[in-house]
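These notes concern the structure reproduced below.
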Amino acid sequence: MGVSFFETMRGTLRAKDGPEQPVEFEIKAEASHLPRFLRDGTARLSGLIEAPPFVTRAAIDGRIRISILRERIIAYVMSFHDDNDRPCTLEGTKHLTPWHPFVSSSEMDVTLRREGIELAQGHMAFDFRTLIPFLRSWTPMSSIRRLDAGQRDGAERAPILTDDERLTLRALAEAMLPAGRHVPADDDTTVAETERVLSALPGEVRRGWRLALRALDARARLRHRRRFRELSTEARYALLADWLLAPPGAERPPASLKRLSIELLTTVIKGAHFGRADYLAAIGHPPERTIAREPEPRYLQRVIEAESLEPLTEVHAEVVVVGSGAGGAAVAASLARQGVAVAIVEEGRYFRRHDFGGSPVARLNAMYRYKSFNFTLGASMMVPVGRTVGGSTTINSGTCFATPDRVLEEWRSELGFPDDFRPSHYHRYSEQVARMLQVAPGSPAALGRIADVIARGADAMGLSHGPLARNAPSCTGAGECVMGCPEGAKRSADVTWIPAALEAGAELYVGLPATRILMRGPRAVAIEARGADRNGVARTLRVFADHIVLACGSLHTPIMLRENGFTLPQIGRNLSVHPAIGLTALMDEDINPWKTIP
Ligand SMILES: Cc1cc2nc3c(=O)[nH]c(=O)nc-3n(C[C@H](O)[C@H](O)[C@H](O)COP(=O)(O)OP(=O)(O)OC[C@H]3O[C@@H](n4cnc5c(N)ncnc54)[C@H](O)[C@@H]3O)c2cc1C
Ligand code: SF4
């Protein structure tokens, strides 16, 4: 958990023998680790400064040091570049005194330097018109960002479990994975594979997993006065069921934290065990494929990777779109085709068709947020989202429905959406989208034999049925949509709207999570994104634009707004998700999930 706040200060600067000139800065201070911030008072600064004629407007990078008790100071050091790209600094220190608490904590003398040489001195004061936004802006930085950081940290190297934990893991695997005709019994490979999967997960998930393992062991000691691994397989299974399932007659399953612990433990172990090469070969799963590289289309020249940027890069566009998924990519393409200068900023990478072969685990790790371990607390369930160019469309199942009229009416009547959302108006746009995505019912060949089973069941129950409409006209039913379509059949945003936007002149910046919205008074004027080069050295991108479109998905757009001090009452509310469950059945006929649309 970290902390952040905004501050606006104004004042004047005077060069030697020159007139007084106005100066103003708006900064955001961010400390990603609260205990460290409480210890050393240091936070990173970013923001905007205006000090004409020295600098018209420039983006700031800097530090603030708050030492209230020991040194009684608040010190600012800000670096930026002037209009001729020369490096400048503005430094100032508030000296706190108990006799004038307000003045001393809100005013300071400042010095402006260019290329290390003093240019002007002046005085600045906190802008008390911004007091309420300042007070409100003190927000804890969500741990979600820190999970992201964990994701970027890369995999921790195995071994990561202690010998004792490995023994408990083995006992757990034995209880939950009885050997079958094809399923191998758990063995050292299961433990090694589990450890490998764990090592690729974000640090928080990994720590949560180990905690859950220890909690299970502690539960065994409490109930049976024996270690979990010393219990019979039946007693171990009973302990798992106790935390996971509703007891007979009870309406609800056990408290969510217990259920979450078991789900977390078992999901990782199942992923590792059922991903074993011997198991996949035994059930006839096709081997991993290598997909040949296709020639690079010209539009890829407009894709800019974080590592190719300068440490601080500033660009200007008419519209900057943050997020390249279903929403962002379509907006960017429509605007670019109308001649608008568009920059798209995407946190994930641009995966191409040849990346959609190879290990499923590696593909999930690379293209999903938190390596696919995005889950809710409360009623614990997985909420997978994409983190790649094309957003979740690159890894979704490709089912395409137009928004139903009753939902459009609900949005208008209950949420006050404008008339553009009247069905007659709205469907003009959804039809355009359907044409671009070539939406059509899935073909019987691609639907595979599972569709016949569903049809038989529906007929027996007197229910209507039919193939879902999809955006994969040449689908072969390879069943891998949720890891990127290896056939190039699914018309996800990475192969439709994004190429259209780039061909029309848009620029796409990848590997750059946007974290800041830079404000000029009440107006958002730029976004700031931070990535890293191959050696982990920070790369900062600032895109100044007349308009900013946040299309980070329904989970992350509200987080971005809140973390940047926006406080509209509806931000973060009204989320609806549609739960999906898998159904596994033992059939007389041969039905394989890798020979059907998922
Ligand atoms: C496994 C799966 C299967 C699905 N199946 C279907 C289906 O069959 N049919 C269907 O209609 N829908 C399906 N969906 C849902 C559908 O894909 C999404 O509803 C849709 O893609 C949402 O579009 P979006 O633009 O809001 O967000 P997304 O498509 O998720 O795009 C958001 C993008 O923003 C980027 N981003 C987020 N934060 C930042 C930041 N701070 N800086 C820069 N970039 C950022 C993300 O990396 C991502 O690329 C599925 C989703 C998943 C995960
Ligand atoms: S089922 Fe296979 S071919 Fe069809 S869209 Fe999905 S991944 Fe592509």
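Residues are named by chain letter and number: chains run A, B, ... in the order of the structure tokens, numbers start at 1 in each chain, and ligands are numbered from 1 in the order shown.
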Next item on the list: Please give me, as an MDAnalysis selection string, the residues lying within 7 Å of ligand 1 when counting only C-alpha atoms and all ligand atoms.
Entry: chainID A and resid 322:328 345:348 384:393 395:401 482 512:515 529 551:554 556:557 560
Margin query: Show me which residues are within 9 Å of ligand 2 counting only C-alpha atoms and all ligand atoms, and format the list as an MDAnalysis selection string.
Written below: chainID A and resid 396:398 442 446:447 470:491 594:598
Check: Among range 44-135 of chain A, which ones does DSSP place in helix (DSSP H, G or I), written as a PyMOL selection string?
Finding: chain A and resi 101-106+128-135
Just N, CA and C atoms for this one: save the residues we selected as a PDB file, in the first residue's frame.
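The result, written out as part24.pdb:
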```
ATOM      1  N   PRO A 101       2.259  28.149  11.743  1.00  0.00           N
ATOM      2  CA  PRO A 101       2.113  26.838  11.116  1.00  0.00           C
ATOM      3  C   PRO A 101       1.563  26.920   9.689  1.00  0.00           C
ATOM      4  N   PHE A 102       0.582  27.802   9.453  1.00  0.00           N
ATOM      5  CA  PHE A 102      -0.041  27.839   8.116  1.00  0.00           C
ATOM      6  C   PHE A 102       0.900  28.414   7.082  1.00  0.00           C
ATOM      7  N   VAL A 103       1.470  29.613   7.425  1.00  0.00           N
ATOM      8  CA  VAL A 103       2.344  30.274   6.444  1.00  0.00           C
ATOM      9  C   VAL A 103       3.565  29.401   6.176  1.00  0.00           C
ATOM     10  N   SER A 104       4.172  28.870   7.258  1.00  0.00           N
ATOM     11  CA  SER A 104       5.430  28.136   7.039  1.00  0.00           C
ATOM     12  C   SER A 104       5.215  26.823   6.296  1.00  0.00           C
ATOM     13  N   SER A 105       4.002  26.263   6.389  1.00  0.00           N
ATOM     14  CA  SER A 105       3.789  24.990   5.677  1.00  0.00           C
ATOM     15  C   SER A 105       3.201  25.199   4.285  1.00  0.00           C
ATOM     16  N   SER A 106       2.955  26.473   3.935  1.00  0.00           N
ATOM     17  CA  SER A 106       2.332  26.685   2.624  1.00  0.00           C
ATOM     18  C   SER A 106       3.146  27.610   1.723  1.00  0.00           C
ATOM     19  N   PHE A 128      -4.707  28.226  -1.967  1.00  0.00           N
ATOM     20  CA  PHE A 128      -5.751  27.773  -1.044  1.00  0.00           C
ATOM     21  C   PHE A 128      -7.099  27.537  -1.732  1.00  0.00           C
ATOM     22  N   ARG A 129      -7.240  28.006  -2.994  1.00  0.00           N
ATOM     23  CA  ARG A 129      -8.483  27.683  -3.723  1.00  0.00           C
ATOM     24  C   ARG A 129      -8.534  26.182  -4.018  1.00  0.00           C
ATOM     25  N   THR A 130      -7.363  25.535  -3.928  1.00  0.00           N
ATOM     26  CA  THR A 130      -7.331  24.092  -4.220  1.00  0.00           C
ATOM     27  C   THR A 130      -7.274  23.254  -2.927  1.00  0.00           C
ATOM     28  N   LEU A 131      -7.618  23.913  -1.782  1.00  0.00           N
ATOM     29  CA  LEU A 131      -7.480  23.203  -0.503  1.00  0.00           C
ATOM     30  C   LEU A 131      -8.322  21.919  -0.458  1.00  0.00           C
ATOM     31  N   ILE A 132      -9.592  22.036  -0.889  1.00  0.00           N
ATOM     32  CA  ILE A 132     -10.466  20.846  -0.779  1.00  0.00           C
ATOM     33  C   ILE A 132      -9.972  19.732  -1.696  1.00  0.00           C
ATOM     34  N   PRO A 133      -9.703  20.027  -2.997  1.00  0.00           N
ATOM     35  CA  PRO A 133      -9.130  18.937  -3.806  1.00  0.00           C
ATOM     36  C   PRO A 133      -7.833  18.380  -3.218  1.00  0.00           C
ATOM     37  N   PHE A 134      -6.994  19.280  -2.614  1.00  0.00           N
ATOM     38  CA  PHE A 134      -5.724  18.816  -2.017  1.00  0.00           C
ATOM     39  C   PHE A 134      -6.007  17.813  -0.891  1.00  0.00           C
ATOM     40  N   LEU A 135      -6.956  18.184  -0.002  1.00  0.00           N
ATOM     41  CA  LEU A 135      -7.245  17.292   1.131  1.00  0.00           C
ATOM     42  C   LEU A 135      -7.818  15.972   0.641  1.00  0.00           C
TER      43      LEU A 135
END
```
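Separating CA of Leu177 in chain A from CA of Leu211 in chain A is a distance of 21.2 Å.
Remark: for Leu508 in chain A, the closest of the candidate residues A:Asp419, A:Glu414, A:Glu305, A:Asp452 is A:Glu305 (distances computed over only C-alpha atoms).
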Item checked: Separation of CA of Asp61 in chain A from CA of Ala317 in chain A in Å -> 21.1 Å
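With only C-alpha atoms as the atoms that count, the minimum distance from Gln301 in chain A to the choices A:Val383, A:Met108, A:Ala185, A:Leu502 is reached by A:Leu502.
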Check: What's the 12 Å shell around range 37-43 of chain A, counting only C-alpha atoms, without same-chain residues fewer than 6 positions away, as a VMD selection string?
Finding: chain A and resid 1 to 6 27 to 31 61 to 78 140
Put those residues in a file: N, CA and C atoms, as a PDB file, in the first residue's frame.
```
ATOM      1  N   MET A   1       0.851  -1.203   0.000  1.00  0.00           N
ATOM      2  CA  MET A   1       0.000   0.000   0.000  1.00  0.00           C
ATOM      3  C   MET A   1       0.884   1.249   0.000  1.00  0.00           C
ATOM      4  N   GLY A   2       0.563   2.205  -0.856  1.00  0.00           N
ATOM      5  CA  GLY A   2       1.312   3.453  -0.910  1.00  0.00           C
ATOM      6  C   GLY A   2       0.393   4.626  -0.649  1.00  0.00           C
ATOM      7  N   VAL A   3       0.876   5.813  -0.955  1.00  0.00           N
ATOM      8  CA  VAL A   3       0.054   7.009  -0.735  1.00  0.00           C
ATOM      9  C   VAL A   3       0.371   8.022  -1.830  1.00  0.00           C
ATOM     10  N   SER A   4      -0.625   8.836  -2.171  1.00  0.00           N
ATOM     11  CA  SER A   4      -0.368   9.880  -3.161  1.00  0.00           C
ATOM     12  C   SER A   4      -1.209  11.110  -2.837  1.00  0.00           C
ATOM     13  N   PHE A   5      -0.750  12.262  -3.285  1.00  0.00           N
ATOM     14  CA  PHE A   5      -1.545  13.486  -3.142  1.00  0.00           C
ATOM     15  C   PHE A   5      -1.137  14.488  -4.215  1.00  0.00           C
ATOM     16  N   PHE A   6      -2.033  15.470  -4.435  1.00  0.00           N
ATOM     17  CA  PHE A   6      -1.784  16.522  -5.422  1.00  0.00           C
ATOM     18  C   PHE A   6      -1.532  17.845  -4.707  1.00  0.00           C
ATOM     19  N   ILE A  27       1.479  19.398  -9.040  1.00  0.00           N
ATOM     20  CA  ILE A  27       2.252  18.161  -8.946  1.00  0.00           C
ATOM     21  C   ILE A  27       1.439  17.049  -8.303  1.00  0.00           C
ATOM     22  N   LYS A  28       1.843  15.842  -8.605  1.00  0.00           N
ATOM     23  CA  LYS A  28       1.327  14.693  -7.862  1.00  0.00           C
ATOM     24  C   LYS A  28       2.512  14.038  -7.178  1.00  0.00           C
ATOM     25  N   ALA A  29       2.392  13.829  -5.872  1.00  0.00           N
ATOM     26  CA  ALA A  29       3.449  13.118  -5.136  1.00  0.00           C
ATOM     27  C   ALA A  29       2.979  11.682  -4.943  1.00  0.00           C
ATOM     28  N   GLU A  30       3.862  10.731  -5.195  1.00  0.00           N
ATOM     29  CA  GLU A  30       3.489   9.321  -5.074  1.00  0.00           C
ATOM     30  C   GLU A  30       4.584   8.562  -4.321  1.00  0.00           C
ATOM     31  N   ALA A  31       4.179   7.883  -3.270  1.00  0.00           N
ATOM     32  CA  ALA A  31       5.114   6.987  -2.577  1.00  0.00           C
ATOM     33  C   ALA A  31       4.472   5.612  -2.606  1.00  0.00           C
ATOM     34  N   ASP A  61       9.584  16.109 -13.397  1.00  0.00           N
ATOM     35  CA  ASP A  61       9.974  14.873 -12.718  1.00  0.00           C
ATOM     36  C   ASP A  61      10.720  15.316 -11.472  1.00  0.00           C
ATOM     37  N   GLY A  62      10.450  14.772 -10.323  1.00  0.00           N
ATOM     38  CA  GLY A  62      11.201  15.273  -9.166  1.00  0.00           C
ATOM     39  C   GLY A  62      10.936  14.488  -7.902  1.00  0.00           C
ATOM     40  N   ARG A  63      11.347  15.094  -6.783  1.00  0.00           N
ATOM     41  CA  ARG A  63      11.165  14.437  -5.489  1.00  0.00           C
ATOM     42  C   ARG A  63      10.717  15.452  -4.463  1.00  0.00           C
ATOM     43  N   ILE A  64       9.963  14.982  -3.482  1.00  0.00           N
ATOM     44  CA  ILE A  64       9.612  15.806  -2.328  1.00  0.00           C
ATOM     45  C   ILE A  64      10.101  15.056  -1.094  1.00  0.00           C
ATOM     46  N   ARG A  65      10.625  15.808  -0.126  1.00  0.00           N
ATOM     47  CA  ARG A  65      11.049  15.161   1.127  1.00  0.00           C
ATOM     48  C   ARG A  65      10.363  15.880   2.282  1.00  0.00           C
ATOM     49  N   ILE A  66       9.582  15.137   3.044  1.00  0.00           N
ATOM     50  CA  ILE A  66       8.811  15.738   4.131  1.00  0.00           C
ATOM     51  C   ILE A  66       9.410  15.251   5.448  1.00  0.00           C
ATOM     52  N   SER A  67      10.016  16.192   6.207  1.00  0.00           N
ATOM     53  CA  SER A  67      10.596  15.813   7.496  1.00  0.00           C
ATOM     54  C   SER A  67      10.034  16.785   8.526  1.00  0.00           C
ATOM     55  N   ILE A  68       8.874  16.472   9.062  1.00  0.00           N
ATOM     56  CA  ILE A  68       8.157  17.437   9.907  1.00  0.00           C
ATOM     57  C   ILE A  68       8.764  17.505  11.305  1.00  0.00           C
ATOM     58  N   LEU A  69       9.126  16.350  11.874  1.00  0.00           N
ATOM     59  CA  LEU A  69       9.583  16.364  13.264  1.00  0.00           C
ATOM     60  C   LEU A  69      11.085  16.604  13.382  1.00  0.00           C
ATOM     61  N   ARG A  70      11.881  15.909  12.558  1.00  0.00           N
ATOM     62  CA  ARG A  70      13.331  15.961  12.739  1.00  0.00           C
ATOM     63  C   ARG A  70      13.931  17.250  12.186  1.00  0.00           C
ATOM     64  N   GLU A  71      13.695  17.507  10.889  1.00  0.00           N
ATOM     65  CA  GLU A  71      14.320  18.685  10.267  1.00  0.00           C
ATOM     66  C   GLU A  71      13.363  19.854  10.114  1.00  0.00           C
ATOM     67  N   ARG A  72      12.072  19.596  10.274  1.00  0.00           N
ATOM     68  CA  ARG A  72      11.016  20.602  10.111  1.00  0.00           C
ATOM     69  C   ARG A  72      11.077  21.269   8.744  1.00  0.00           C
ATOM     70  N   ILE A  73      11.162  20.457   7.745  1.00  0.00           N
ATOM     71  CA  ILE A  73      11.190  20.998   6.380  1.00  0.00           C
ATOM     72  C   ILE A  73      10.301  20.171   5.449  1.00  0.00           C
ATOM     73  N   ILE A  74       9.885  20.823   4.347  1.00  0.00           N
ATOM     74  CA  ILE A  74       9.303  20.099   3.203  1.00  0.00           C
ATOM     75  C   ILE A  74      10.081  20.617   1.989  1.00  0.00           C
ATOM     76  N   ALA A  75      10.900  19.737   1.408  1.00  0.00           N
ATOM     77  CA  ALA A  75      11.815  20.183   0.334  1.00  0.00           C
ATOM     78  C   ALA A  75      11.363  19.631  -1.013  1.00  0.00           C
ATOM     79  N   TYR A  76      11.394  20.515  -2.031  1.00  0.00           N
ATOM     80  CA  TYR A  76      10.979  20.124  -3.387  1.00  0.00           C
ATOM     81  C   TYR A  76      12.169  20.264  -4.328  1.00  0.00           C
ATOM     82  N   VAL A  77      12.377  19.257  -5.164  1.00  0.00           N
ATOM     83  CA  VAL A  77      13.352  19.376  -6.254  1.00  0.00           C
ATOM     84  C   VAL A  77      12.641  18.892  -7.511  1.00  0.00           C
ATOM     85  N   MET A  78      12.521  19.800  -8.499  1.00  0.00           N
ATOM     86  CA  MET A  78      11.783  19.437  -9.720  1.00  0.00           C
ATOM     87  C   MET A  78      12.665  19.651 -10.942  1.00  0.00           C
ATOM     88  N   PRO A 140      -4.788   6.378  -0.493  1.00  0.00           N
ATOM     89  CA  PRO A 140      -3.880   5.239  -0.536  1.00  0.00           C
ATOM     90  C   PRO A 140      -3.806   4.741  -1.965  1.00  0.00           C
TER      91      PRO A 140
END
```
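Between Ala192 in chain A and the candidates A:Leu112, A:Leu231, A:Leu167, A:Val321, the tightest atom-to-atom separation, counting only C-alpha atoms, involves A:Leu167.
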